[in-house]
Amino acid sequence: MTPLEQAATAALHAPSVFNTQPWSWRIDGDTMELHADASRRLDATDRDGRLLALSCGAALHHALTKLAALGWSFEVSRLPDPAQPSLLARVHLGSPVPPTSVRLAEAIPQRRTDRRPFGARTVSDEELTKLRLLVEASGAYLHVVPRDEITALAISAELAGHAELNDPEYREELRQWTHRPAGSGDGIPAATAVEPGLRRVPVRDYVPDEQAGLTVGAAHDEGASFVILFGRGDTPIQLLQAGEALSALLLQATADGLATAPLSDAIEVEWPRVLVRGLLADLGEPYLAVRLGYTADTTPLPPRPRRTAADVIVSS
Ligand SMILES: Cc1cc2nc3c(=O)[nH]c(=O)nc-3n(C[C@H](O)[C@H](O)[C@H](O)COP(=O)(O)O)c2cc1C
């Protein structure tokens with residue numbers, strides 16, 4: 001495999017909303033293009049494609065992290081052609097250089113979304129500061145939700161969850177992406193969803209009509225931290241970079257031994273999003289929240305599906 005193929009293959013592990021993996025790569029010689037796949041946009045949940053853009057940004061950051069760890073320099077142009085809005089990035093491979101980002105690249109296959117409650121161990125201020133600075137260096141901002149504001153985030157997620165589950169279009173979309181045809185390599189199997197329970201901030205109920213595979217157990221996210229990724233606005237380039245920052249945050253947290261779980265439902269519905277924006281003192285546009293902490297249940301998570309390199313990479 002060429003370095004660009006290895007990079008695009010590593011990006012198969014990137015997180016994406018509903019595990020839609022809404023991207024494809026075109027590799028031609030020493031150039032690789034990242035394209036958004038609009039056919040995988042969630043029309044009810046993500047009408048404006050914000051979560052799709054964040055997911056693609058995460059895939060881009062995974063690929064660039066892998067290239068750096070393989071010891072290659074590269075140049076990236078984001079949204080290089082206004083006539084082709086679905087062309088999100090063009091990456092030119094440079095020359096061999098000393099490897100960097102090796103720990104982050106090692107975290108790529110280890111990172112998982114863990115929907116189970118985290119335990120009592122708290123995340124240190126040093127770790128949270130490190131993650132905030134990393135996100136800022138990646139082109140977005142991170143708000144660490146103070147303990148007395150977690151209730152507002154919880155109410156926002158609760159309101160959004162109710163509104164969505166009462167929306168027949170959302171219910172149908174949820175059903176489709178939790179019941180994928182065999183071999184599709186995408187979507188959220190019930191085995192990786194968590195049963196509803198008493199949580200500091202509710203976690204999306206992916207399978208409201210059946211039993212989720214993960215149980216809540218005795219932990220309640222006592223020590224969990226909640227952070228909100230945000231930025232100045234939600235133009236395509238800002239969302240793409242926010243997705244890159246999300247990936248940087250999740251990979252660094254994983255490398256540091258933290259469990260992570262993105263939460264976007266509070267941002268998907270208008271009024272809860274206004275409440276979350278209020279937590280940012282109206283300083284910016286919230287993109288999504290992330291729960292960080294230490295697992296109380298160390299049982300390995302069940303596998304989650306992924307498409308194959310042949311599904312997403314076109315080489316010429
Ligand atoms: C933009 C975005 C939004 C997400 N929103 C949620 C969410 O609201 N709730 C949740 O449990 N997981 C959420 N996730 C995590 C995805 O469901 C997860 O990445 C996907 O199912 C693949 O699983 P993995 O992260 O374990 O590889 C989100 C991920 C992304 C990138």
# chains A, B, ... in the order shown; residues from 1 in each chain; ligands from 1
call {"tool": "residues_around", "arguments": {"residues": "region 27-34 of chain A", "least_positions_apart": "6", "cutoff": "7 Å", "atoms": "only C-alpha atoms", "output": "list in words"}}
result
Leu4, Leu87, Leu88, Ala89, Arg90, Val91, His92, Leu93, Val314, Ser315 and Ser316 of chain A
call {"tool": "residues_near_ligand", "arguments": {"ligand": "ligand 1", "cutoff": "7 Å", "atoms": "only C-alpha atoms and all ligand atoms", "output": "list in words"}}
result
His13, Ala14, Pro15, Ser16, Val17, Phe18, Asn19, Leu51, Leu52, Leu54, Ser55, Ala58, Arg111, Arg112, Thr113, Asp114, Arg115, Gly187, Ile188, Val203, Arg204, Ala261, Pro262, Leu263, Ser264, Asp265, Leu288 and Arg304 of chain A
call {"tool": "select_by_dssp", "arguments": {"residues": "region 34-257 of chain A", "states": "alpha helix (DSSP H)", "output": "PyMOL selection string"}}
result
chain A and resi 50-70+102-107+125-137+150-165+168-178+236-255
call {"tool": "closest_residue", "arguments": {"among": "A:Leu60, A:Val194, A:Ala296, A:Val274", "to": "Ala245 (chain A)", "atoms": "only C-alpha atoms"}}
result
A:Leu60
call {"tool": "closest_atom_pairs", "arguments": {"of": "region 119-207 of chain A", "to": "region 235-243 of chain A", "cutoff": "8 Å", "atoms": "only C-alpha atoms", "output": "Markdown table"}}
result
| residue | atom | partner | partner_atom | distance |
| --- | --- | --- | --- | --- |
| A:Ser138 | CA | A:Gln241 | CA | 7.0 |
| A:Gly139 | CA | A:Gln241 | CA | 5.9 |
| A:Ala140 | CA | A:Ala242 | CA | 5.5 |
call {"tool": "write_last_selection", "arguments": {"atoms": "C-alpha atoms", "output": "mmCIF file, in the first residue's frame"}}
result
data_model
loop_
_atom_site.group_PDB
_atom_site.id
_atom_site.type_symbol
_atom_site.label_atom_id
_atom_site.label_comp_id
_atom_site.auth_asym_id
_atom_site.auth_seq_id
_atom_site.Cartn_x
_atom_site.Cartn_y
_atom_site.Cartn_z
ATOM 1 C CA SER A 138 -6.542 22.670 15.533
ATOM 2 C CA GLY A 139 -8.783 25.607 14.648
ATOM 3 C CA ALA A 140 -11.730 25.354 17.081
#
call {"tool": "atom_distance", "arguments": {"atom1": "CA of Tyr287 (chain A)", "atom2": "CA of Glu136 (chain A)"}}
result
14.0 Å
call {"tool": "atom_distance", "arguments": {"atom1": "CA of Glu126 (chain A)", "atom2": "CA of Ser101 (chain A)"}}
result
20.0 Å
call {"tool": "closest_residue", "arguments": {"among": "A:Ser86, A:Gln252, A:Ser95, A:Thr295", "to": "Trp72 (chain A)", "atoms": "only C-alpha atoms"}}
result
A:Ser95
call {"tool": "select_by_dssp", "arguments": {"residues": "region 29-167 of chain A", "states": "strand (DSSP E or B)", "output": "list in words"}}
result
Thr31, Met32, Glu33, Leu34, His35, Ala36, Trp72, Ser73, Phe74, Glu75, Val76, Ser77, Arg78, Leu87, Leu88, Ala89, Arg90, Val91, His92, Leu93, Gly94, Ser95, Pro96, Thr113, Phe118, Tyr141, Leu142, His143 and Val144 of chain A
call {"tool": "write_last_selection", "arguments": {"atoms": "N, CA, C and O atoms", "output": "CSV table (one decimal), in the first residue's frame"}}
result
chain,number,residue,atom,x,y,z
A,31,THR,N,-1.3,12.6,-5.0
A,31,THR,CA,-2.4,13.5,-4.6
A,31,THR,C,-3.6,12.6,-4.1
A,31,THR,O,-3.9,11.6,-4.8
A,32,MET,N,-4.2,13.1,-3.1
A,32,MET,CA,-5.4,12.4,-2.6
A,32,MET,C,-6.5,13.4,-2.3
A,32,MET,O,-6.2,14.5,-1.8
A,33,GLU,N,-7.7,13.1,-2.7
A,33,GLU,CA,-8.8,14.0,-2.5
A,33,GLU,C,-9.9,13.4,-1.5
A,33,GLU,O,-10.2,12.2,-1.7
A,34,LEU,N,-10.3,14.2,-0.6
A,34,LEU,CA,-11.4,13.8,0.3
A,34,LEU,C,-12.7,14.4,-0.2
A,34,LEU,O,-12.8,15.6,-0.4
A,35,HIS,N,-13.7,13.5,-0.5
A,35,HIS,CA,-15.0,14.0,-1.0
A,35,HIS,C,-16.1,13.7,0.1
A,35,HIS,O,-16.1,12.6,0.6
A,36,ALA,N,-17.0,14.6,0.3
A,36,ALA,CA,-18.2,14.3,1.1
A,36,ALA,C,-19.2,13.5,0.3
A,36,ALA,O,-19.3,13.7,-0.9
A,72,TRP,N,5.9,11.2,6.6
A,72,TRP,CA,5.8,11.9,5.3
A,72,TRP,C,5.4,13.3,5.6
A,72,TRP,O,4.5,13.6,6.4
A,73,SER,N,5.9,14.2,4.8
A,73,SER,CA,5.4,15.6,4.8
A,73,SER,C,4.3,15.7,3.8
A,73,SER,O,4.1,14.8,2.9
A,74,PHE,N,3.4,16.7,4.0
A,74,PHE,CA,2.3,16.8,3.1
A,74,PHE,C,1.8,18.3,3.1
A,74,PHE,O,2.1,19.0,4.0
A,75,GLU,N,1.0,18.6,2.1
A,75,GLU,CA,0.4,19.9,2.0
A,75,GLU,C,-1.1,19.7,1.8
A,75,GLU,O,-1.5,18.8,1.0
A,76,VAL,N,-1.9,20.4,2.5
A,76,VAL,CA,-3.4,20.3,2.5
A,76,VAL,C,-4.0,21.5,2.0
A,76,VAL,O,-3.7,22.6,2.5
A,77,SER,N,-4.9,21.5,1.0
A,77,SER,CA,-5.8,22.6,0.7
A,77,SER,C,-7.2,22.2,1.0
A,77,SER,O,-7.7,21.2,0.6
A,78,ARG,N,-7.8,23.0,1.9
A,78,ARG,CA,-9.2,22.7,2.3
A,78,ARG,C,-10.2,23.4,1.4
A,78,ARG,O,-9.9,24.6,1.1
A,87,LEU,N,-15.8,18.6,-2.7
A,87,LEU,CA,-14.4,18.3,-2.6
A,87,LEU,C,-13.9,19.0,-1.4
A,87,LEU,O,-13.7,20.2,-1.4
A,88,LEU,N,-13.7,18.3,-0.3
A,88,LEU,CA,-13.4,18.9,1.0
A,88,LEU,C,-11.9,19.2,1.2
A,88,LEU,O,-11.6,20.2,1.8
A,89,ALA,N,-11.1,18.4,0.6
A,89,ALA,CA,-9.7,18.6,0.8
A,89,ALA,C,-8.9,17.9,-0.2
A,89,ALA,O,-9.3,16.9,-0.7
A,90,ARG,N,-7.7,18.5,-0.6
A,90,ARG,CA,-6.8,17.9,-1.5
A,90,ARG,C,-5.4,17.8,-0.7
A,90,ARG,O,-5.0,18.8,-0.2
A,91,VAL,N,-4.9,16.6,-0.7
A,91,VAL,CA,-3.6,16.4,0.1
A,91,VAL,C,-2.5,16.0,-0.9
A,91,VAL,O,-2.7,15.1,-1.7
A,92,HIS,N,-1.4,16.8,-0.9
A,92,HIS,CA,-0.3,16.5,-1.7
A,92,HIS,C,0.8,15.8,-0.9
A,92,HIS,O,1.2,16.4,0.1
A,93,LEU,N,1.2,14.7,-1.2
A,93,LEU,CA,2.3,14.0,-0.5
A,93,LEU,C,3.6,14.7,-0.8
A,93,LEU,O,3.9,15.0,-1.9
A,94,GLY,N,4.4,14.9,0.3
A,94,GLY,CA,5.7,15.6,0.1
A,94,GLY,C,6.8,14.6,0.1
A,94,GLY,O,6.8,13.6,-0.7
A,95,SER,N,7.7,14.7,1.0
A,95,SER,CA,8.9,13.8,1.1
A,95,SER,C,9.0,13.2,2.4
A,95,SER,O,8.4,13.6,3.4
A,96,PRO,N,9.9,12.1,2.5
A,96,PRO,CA,10.1,11.5,3.8
A,96,PRO,C,10.7,12.5,4.9
A,96,PRO,O,11.6,13.2,4.5
A,113,THR,N,-16.3,4.9,20.7
A,113,THR,CA,-17.3,5.7,21.4
A,113,THR,C,-17.9,4.7,22.5
A,113,THR,O,-18.4,3.6,22.2
A,118,PHE,N,-19.4,6.4,32.8
A,118,PHE,CA,-18.0,6.4,33.3
A,118,PHE,C,-18.1,6.4,34.9
A,118,PHE,O,-19.1,6.7,35.5
A,141,TYR,N,-12.6,25.7,19.3
A,141,TYR,CA,-12.5,26.1,20.7
A,141,TYR,C,-13.1,25.0,21.6
A,141,TYR,O,-14.0,24.2,21.1
A,142,LEU,N,-12.7,24.9,22.8
A,142,LEU,CA,-13.3,23.9,23.7
A,142,LEU,C,-13.7,24.5,25.0
A,142,LEU,O,-13.0,25.2,25.7
A,143,HIS,N,-15.0,24.3,25.4
A,143,HIS,CA,-15.5,24.8,26.6
A,143,HIS,C,-15.7,23.7,27.6
A,143,HIS,O,-16.4,22.7,27.3
A,144,VAL,N,-15.0,23.7,28.7
A,144,VAL,CA,-15.1,22.7,29.7
A,144,VAL,C,-16.3,23.1,30.5
A,144,VAL,O,-16.3,24.1,31.2
call {"tool": "closest_residue", "arguments": {"among": "A:Thr9, A:Ser39, A:Thr20, A:Gln110", "to": "Leu250 (chain A)", "atoms": "only C-alpha atoms"}}
result
A:Gln110
call {"tool": "closest_atom_pairs", "arguments": {"of": "region 244-303 of chain A", "to": "region 211-221 of chain A", "cutoff": "10 Å", "atoms": "only C-alpha atoms", "output": "CSV"}}
result
residue,atom,partner,partner_atom,distance
A:Arg291,CA,A:Asp221,CA,8.9
A:Leu292,CA,A:Asp221,CA,9.2
A:Gly293,CA,A:Asp221,CA,7.7
A:Tyr294,CA,A:Asp221,CA,8.9
A:Thr295,CA,A:Asp221,CA,9.0
A:Ala296,CA,A:Ala219,CA,6.5
A:Asp297,CA,A:Gly217,CA,8.2
A:Leu301,CA,A:Leu214,CA,8.5
A:Pro302,CA,A:Gly213,CA,8.7
call {"tool": "atom_distance", "arguments": {"atom1": "CA of Asp186 (chain A)", "atom2": "CA of Trp23 (chain A)"}}
result
12.2 Å
call {"tool": "residues_around", "arguments": {"residues": "Arg273 (chain A)", "least_positions_apart": "4", "cutoff": "10 Å", "atoms": "only C-alpha atoms", "output": "ChimeraX atom specification"}}
result
/A:153,156-157,160,264-269,277-279,285-288
